[in-house]
Amino acid sequence: MSSKFNDFRNAINRDRVQSLEMASTSAQLPSDSSSSSNLIRRWSHDVFLSFRVEFGQIVLPVFYHVNPSDVCKQFDSFGKAFTNHEINWKNKVQIWREALTEAGNISGWDIEDGYESEFIKEISDICKRLNDKCLFVGENLVGMDSYLRELTLILKIQSNDDVRIVGILGVGGIGKTTIAKAIYNQISFDFGSVSFLENVKAIRKTSGIHDLQKRLLHTLQSRKALIVFDDIDDDLELLEYLVGERHWFGRGSRVLITTRDRNLLHKVNDVFEIEGLNHKDALKLFSLYAFQQSLPKEDYKILSIDVIHYCKGLPLTLKVLGSLLRGKRTSEWESKLHKLKNIPNAKIQDVLKISYDELDPTQKAIFLDIACFFKGEDRDFVSKILDGCEMVAKSEIGSLEAKCLITVSHDKIYMHDLIQEMGWEIIRQQHPKDPNKWSRLWNPNDIYRAFMSEELSI
């Protein structure tokens, strides 16, 4: 958590902050009277930037008895307030000015007359509709603003004359899904119909192509639509079924496809290729997880640079390794770095496995169970099943979340595809050619092979 947000957390009620963190939309209310009070420094930078950037929120300003231009350019009472604050807050005033300039340029409500109560219902109804559409994208979205600016330009949101299809291309763990969710949250309210089809590849395996088509047709209905197809790899047939003809989509529609395979994107208007985080952003993201601050501690600077070198700018590995090393002595860091240096070409799953190796036997068992059977399931449901196997599941699930091996959102347990594949590979390596001896079976083909092997041995 950044220092600016800690300042803000201390300034207002802790429960209110926790409620704001959980929301996907927040409405901020600058007014003429607030400009000369302490609220200007609490609102302008700490609230606006923390919730918009760190929590991926949609921020909707309500300009109550104040001209948005005065907020944007700091005229009149806002300008006077900043002049006064420069005496005691010289190092922060410029940052606050930039935050207010950005806020003043965001579309919101410009309320000249009347009381707040007259507008509360309208604002709350809109916020509720936006929250219903918004997706959880996690915290510490380092470098996200630059990605969103570039992707917004590629999508050409303001043009309603055509249907644009854009591919989001990148290696596993680079953040394709996170970026797709963030841009979806940012632009979804401009569309009459929206749909985010996550893990399309997995849905096809369980429900089939026709189920996916039904979901898509229900969303379209000849309206301007925003559709995201997440995780389509090595499956040109599936893509043809889902995005076969542009006339299926209403004018002004936008379609996003996330994939690791460039060959699938031959019919798109444009490709947004994600590169790894630059050195500065990679160090910041790693530090947020390793030290819970934006820069490494003095004694760990060189070690931190060595770690991010092996992560190659991949957010997933930066988070996992940062969580793994948090609170450990420098000697323990050196030991983990030695392991990293022995990994040929720093394969991402091998890097992630270092975190798995640190788990105790119970945590390993629960991790593998989630990877094979419980991804996307309700946390209480999973806990009850695992408790029946004499595991104290609730606390161990919390430990796995703290190590960034799983995430929990709206009481559902999620796991990144690469981490799940790592879990599967750990089980396969027990007996590579004989699934009958594996500790867990999750794939129908492997289950069939195991039964056939058992029958032949009888």
# chains A, B, ... in the order shown; residues from 1 in each chain; ligands from 1
>>> closest_atom_pairs(of="stretch 260-367 of chain A", to="stretch 422-433 of chain A", cutoff="10 Å", atoms="only C-alpha atoms", output="Markdown table")
| residue | atom | partner | partner_atom | distance |
| --- | --- | --- | --- | --- |
| A:Ile348 | CA | A:Met422 | CA | 9.4 |
| A:Gln349 | CA | A:Met422 | CA | 5.8 |
| A:Asp350 | CA | A:Met422 | CA | 8.1 |
| A:Leu352 | CA | A:Met422 | CA | 7.8 |
| A:Lys353 | CA | A:Met422 | CA | 7.2 |
| A:Tyr356 | CA | A:Gly423 | CA | 8.8 |
| A:Lys364 | CA | A:Gly423 | CA | 9.4 |
| A:Phe367 | CA | A:Gly423 | CA | 7.6 |
>>> select_by_dssp(residues="stretch 329-440 of chain A", states="helix (DSSP H, G or I)", output="VMD selection string")
chain A and resid 330 to 341 344 to 346 348 to 357 361 to 374 379 to 387 393 to 402 417 to 428 435 to 437
>>> atom_distance(atom1="atom CA of A:Arg262", atom2="atom CA of A:Leu151")
17.2 Å
>>> residues_around(residues="A:Gly313", least_positions_apart="4", cutoff="8 Å", atoms="only C-alpha atoms", output="short mmCIF file (atom, residue, chain, number, x, y, z; two decimals) with N, CA and C atoms, in the first residue's frame")
data_model
loop_
_atom_site.label_atom_id
_atom_site.label_comp_id
_atom_site.auth_asym_id
_atom_site.auth_seq_id
_atom_site.Cartn_x
_atom_site.Cartn_y
_atom_site.Cartn_z
N ILE A 174 1.70 -11.92 -18.38
CA ILE A 174 2.05 -10.55 -18.71
C ILE A 174 0.96 -9.57 -18.28
N GLU A 275 4.12 -5.58 -23.63
CA GLU A 275 5.49 -5.90 -23.26
C GLU A 275 5.59 -5.93 -21.74
N GLY A 276 6.67 -6.54 -21.24
CA GLY A 276 6.87 -6.59 -19.80
C GLY A 276 7.02 -5.19 -19.22
N LEU A 277 6.81 -5.07 -17.92
CA LEU A 277 6.97 -3.78 -17.25
C LEU A 277 8.41 -3.29 -17.40
N ASN A 278 8.56 -1.98 -17.53
CA ASN A 278 9.91 -1.43 -17.57
C ASN A 278 10.56 -1.57 -16.18
N HIS A 279 11.86 -1.28 -16.12
CA HIS A 279 12.61 -1.52 -14.87
C HIS A 279 11.99 -0.78 -13.69
N ALA A 282 8.59 -2.36 -12.76
CA ALA A 282 8.80 -3.71 -12.23
C ALA A 282 9.32 -3.65 -10.81
N ILE A 308 14.16 -8.92 -10.03
CA ILE A 308 13.34 -8.45 -11.15
C ILE A 308 14.01 -8.75 -12.49
N HIS A 309 15.33 -8.92 -12.48
CA HIS A 309 16.02 -9.33 -13.70
C HIS A 309 15.50 -10.69 -14.17
N LEU A 318 6.52 -11.21 -10.50
CA LEU A 318 6.91 -10.15 -9.57
C LEU A 318 6.06 -10.20 -8.30
#
>>> atom_distance(atom1="atom CA of A:Lys336", atom2="atom CA of A:Ile302")
14.0 Å
>>> select_by_dssp(residues="stretch 279-438 of chain A", states="strand (DSSP E or B)", output="number ranges by chain")
A: 378, 407-409, 412-414
>>> write_last_selection(atoms="all heavy atoms", output="PDB file, in the first residue's frame")
ATOM      1  N   ASP A 378     -16.915 -21.415  -4.588  1.00  0.00           N
ATOM      2  CA  ASP A 378     -17.148 -20.612  -3.397  1.00  0.00           C
ATOM      3  C   ASP A 378     -16.198 -21.026  -2.277  1.00  0.00           C
ATOM      4  O   ASP A 378     -15.984 -22.214  -2.031  1.00  0.00           O
ATOM      5  CB  ASP A 378     -18.605 -20.781  -2.934  1.00  0.00           C
ATOM      6  CG  ASP A 378     -18.917 -19.946  -1.721  1.00  0.00           C
ATOM      7  OD1 ASP A 378     -19.182 -18.745  -1.883  1.00  0.00           O
ATOM      8  OD2 ASP A 378     -18.885 -20.500  -0.602  1.00  0.00           O
ATOM      9  N   THR A 407      -6.288 -15.956  -5.653  1.00  0.00           N
ATOM     10  CA  THR A 407      -6.958 -14.719  -5.268  1.00  0.00           C
ATOM     11  C   THR A 407      -8.383 -15.074  -4.858  1.00  0.00           C
ATOM     12  O   THR A 407      -8.949 -16.063  -5.346  1.00  0.00           O
ATOM     13  CB  THR A 407      -7.001 -13.691  -6.422  1.00  0.00           C
ATOM     14  OG1 THR A 407      -7.636 -14.291  -7.561  1.00  0.00           O
ATOM     15  CG2 THR A 407      -5.606 -13.248  -6.797  1.00  0.00           C
ATOM     16  N   VAL A 408      -8.949 -14.282  -3.959  1.00  0.00           N
ATOM     17  CA  VAL A 408     -10.333 -14.476  -3.523  1.00  0.00           C
ATOM     18  C   VAL A 408     -11.091 -13.190  -3.799  1.00  0.00           C
ATOM     19  O   VAL A 408     -10.719 -12.122  -3.313  1.00  0.00           O
ATOM     20  CB  VAL A 408     -10.412 -14.843  -2.024  1.00  0.00           C
ATOM     21  CG1 VAL A 408     -11.876 -15.002  -1.607  1.00  0.00           C
ATOM     22  CG2 VAL A 408      -9.629 -16.116  -1.733  1.00  0.00           C
ATOM     23  N   SER A 409     -12.135 -13.281  -4.614  1.00  0.00           N
ATOM     24  CA  SER A 409     -12.952 -12.119  -4.963  1.00  0.00           C
ATOM     25  C   SER A 409     -14.416 -12.508  -4.871  1.00  0.00           C
ATOM     26  O   SER A 409     -14.826 -13.522  -5.452  1.00  0.00           O
ATOM     27  CB  SER A 409     -12.610 -11.639  -6.379  1.00  0.00           C
ATOM     28  OG  SER A 409     -13.489 -10.616  -6.787  1.00  0.00           O
ATOM     29  N   LYS A 412     -15.236 -16.055  -4.057  1.00  0.00           N
ATOM     30  CA  LYS A 412     -14.864 -17.095  -5.016  1.00  0.00           C
ATOM     31  C   LYS A 412     -13.345 -17.223  -5.058  1.00  0.00           C
ATOM     32  O   LYS A 412     -12.627 -16.223  -4.974  1.00  0.00           O
ATOM     33  CB  LYS A 412     -15.381 -16.775  -6.422  1.00  0.00           C
ATOM     34  CG  LYS A 412     -16.887 -16.604  -6.521  1.00  0.00           C
ATOM     35  CD  LYS A 412     -17.594 -17.928  -6.517  1.00  0.00           C
ATOM     36  CE  LYS A 412     -19.093 -17.746  -6.785  1.00  0.00           C
ATOM     37  NZ  LYS A 412     -19.825 -19.028  -6.716  1.00  0.00           N
ATOM     38  N   ILE A 413     -12.854 -18.430  -5.212  1.00  0.00           N
ATOM     39  CA  ILE A 413     -11.416 -18.680  -5.268  1.00  0.00           C
ATOM     40  C   ILE A 413     -10.976 -18.737  -6.725  1.00  0.00           C
ATOM     41  O   ILE A 413     -11.529 -19.500  -7.520  1.00  0.00           O
ATOM     42  CB  ILE A 413     -11.052 -20.003  -4.560  1.00  0.00           C
ATOM     43  CG1 ILE A 413     -11.426 -19.930  -3.074  1.00  0.00           C
ATOM     44  CG2 ILE A 413      -9.558 -20.296  -4.706  1.00  0.00           C
ATOM     45  CD1 ILE A 413     -11.206 -21.236  -2.326  1.00  0.00           C
ATOM     46  N   TYR A 414      -9.971 -17.929  -7.059  1.00  0.00           N
ATOM     47  CA  TYR A 414      -9.438 -17.905  -8.416  1.00  0.00           C
ATOM     48  C   TYR A 414      -7.940 -18.192  -8.396  1.00  0.00           C
ATOM     49  O   TYR A 414      -7.261 -17.977  -7.390  1.00  0.00           O
ATOM     50  CB  TYR A 414      -9.707 -16.550  -9.081  1.00  0.00           C
ATOM     51  CG  TYR A 414     -11.172 -16.241  -9.220  1.00  0.00           C
ATOM     52  CD1 TYR A 414     -11.815 -15.400  -8.319  1.00  0.00           C
ATOM     53  CD2 TYR A 414     -11.913 -16.797 -10.258  1.00  0.00           C
ATOM     54  CE1 TYR A 414     -13.176 -15.122  -8.440  1.00  0.00           C
ATOM     55  CE2 TYR A 414     -13.278 -16.524 -10.392  1.00  0.00           C
ATOM     56  CZ  TYR A 414     -13.897 -15.681  -9.479  1.00  0.00           C
ATOM     57  OH  TYR A 414     -15.234 -15.411  -9.606  1.00  0.00           O
TER      58      TYR A 414
END
>>> closest_residue(among="A:Phe249, A:Gln293, A:Ser304, A:Ile274", to="A:Ser146", atoms="only C-alpha atoms")
A:Ile274
>>> residues_around(residues="A:Ala393", least_positions_apart="5", cutoff="7 Å", atoms="only C-alpha atoms", output="PDB file with N, CA and C atoms, in the first residue's frame")
ATOM      1  N   SER A 383     -13.935 -24.836   1.694  1.00  0.00           N
ATOM      2  CA  SER A 383     -13.456 -25.038   3.062  1.00  0.00           C
ATOM      3  C   SER A 383     -14.155 -26.205   3.729  1.00  0.00           C
ATOM      4  N   LEU A 386     -12.780 -29.526   2.308  1.00  0.00           N
ATOM      5  CA  LEU A 386     -11.418 -29.810   2.752  1.00  0.00           C
ATOM      6  C   LEU A 386     -11.353 -30.039   4.261  1.00  0.00           C
ATOM      7  N   ASP A 387     -12.220 -29.346   5.013  1.00  0.00           N
ATOM      8  CA  ASP A 387     -12.281 -29.600   6.461  1.00  0.00           C
ATOM      9  C   ASP A 387     -12.681 -31.044   6.738  1.00  0.00           C
TER      10      ASP A 387
END
>>> closest_residue(among="A:Pro435, A:Asp357, A:Gly172, A:Val166", to="A:His266", atoms="only C-alpha atoms")
A:Val166
>>> closest_residue(among="A:Asn342, A:Thr177, A:Ser69, A:Ser399", to="A:Arg260", atoms="only C-alpha atoms")
A:Thr177
>>> closest_residue(among="A:Pro361, A:Gly175, A:Gly138, A:Gly250", to="A:Asn160", atoms="only C-alpha atoms")
A:Gly250
>>> closest_residue(among="A:Ala180, A:Ile209, A:Val351, A:Val163", to="A:Arg251", atoms="only C-alpha atoms")
A:Val163
>>> residues_around(residues="A:Ser355", least_positions_apart="4", cutoff="9 Å", atoms="only C-alpha atoms", output="list in words")
Val320, Leu321, Ser323, Leu324, Val351, Leu359, Lys403 and Leu405 of chain A
>>> closest_residue(among="A:Glu237, A:Glu198, A:Glu358, A:Glu390", to="A:Leu264", atoms="only C-alpha atoms")
A:Glu237
>>> residues_around(residues="A:Leu236", least_positions_apart="6", cutoff="12 Å", atoms="only C-alpha atoms", output="PyMOL selection string")
chain A and resi 201+242-244+259+261-267
>>> atom_distance(atom1="atom CA of A:Leu238", atom2="atom CA of A:Ile406")
28.2 Å
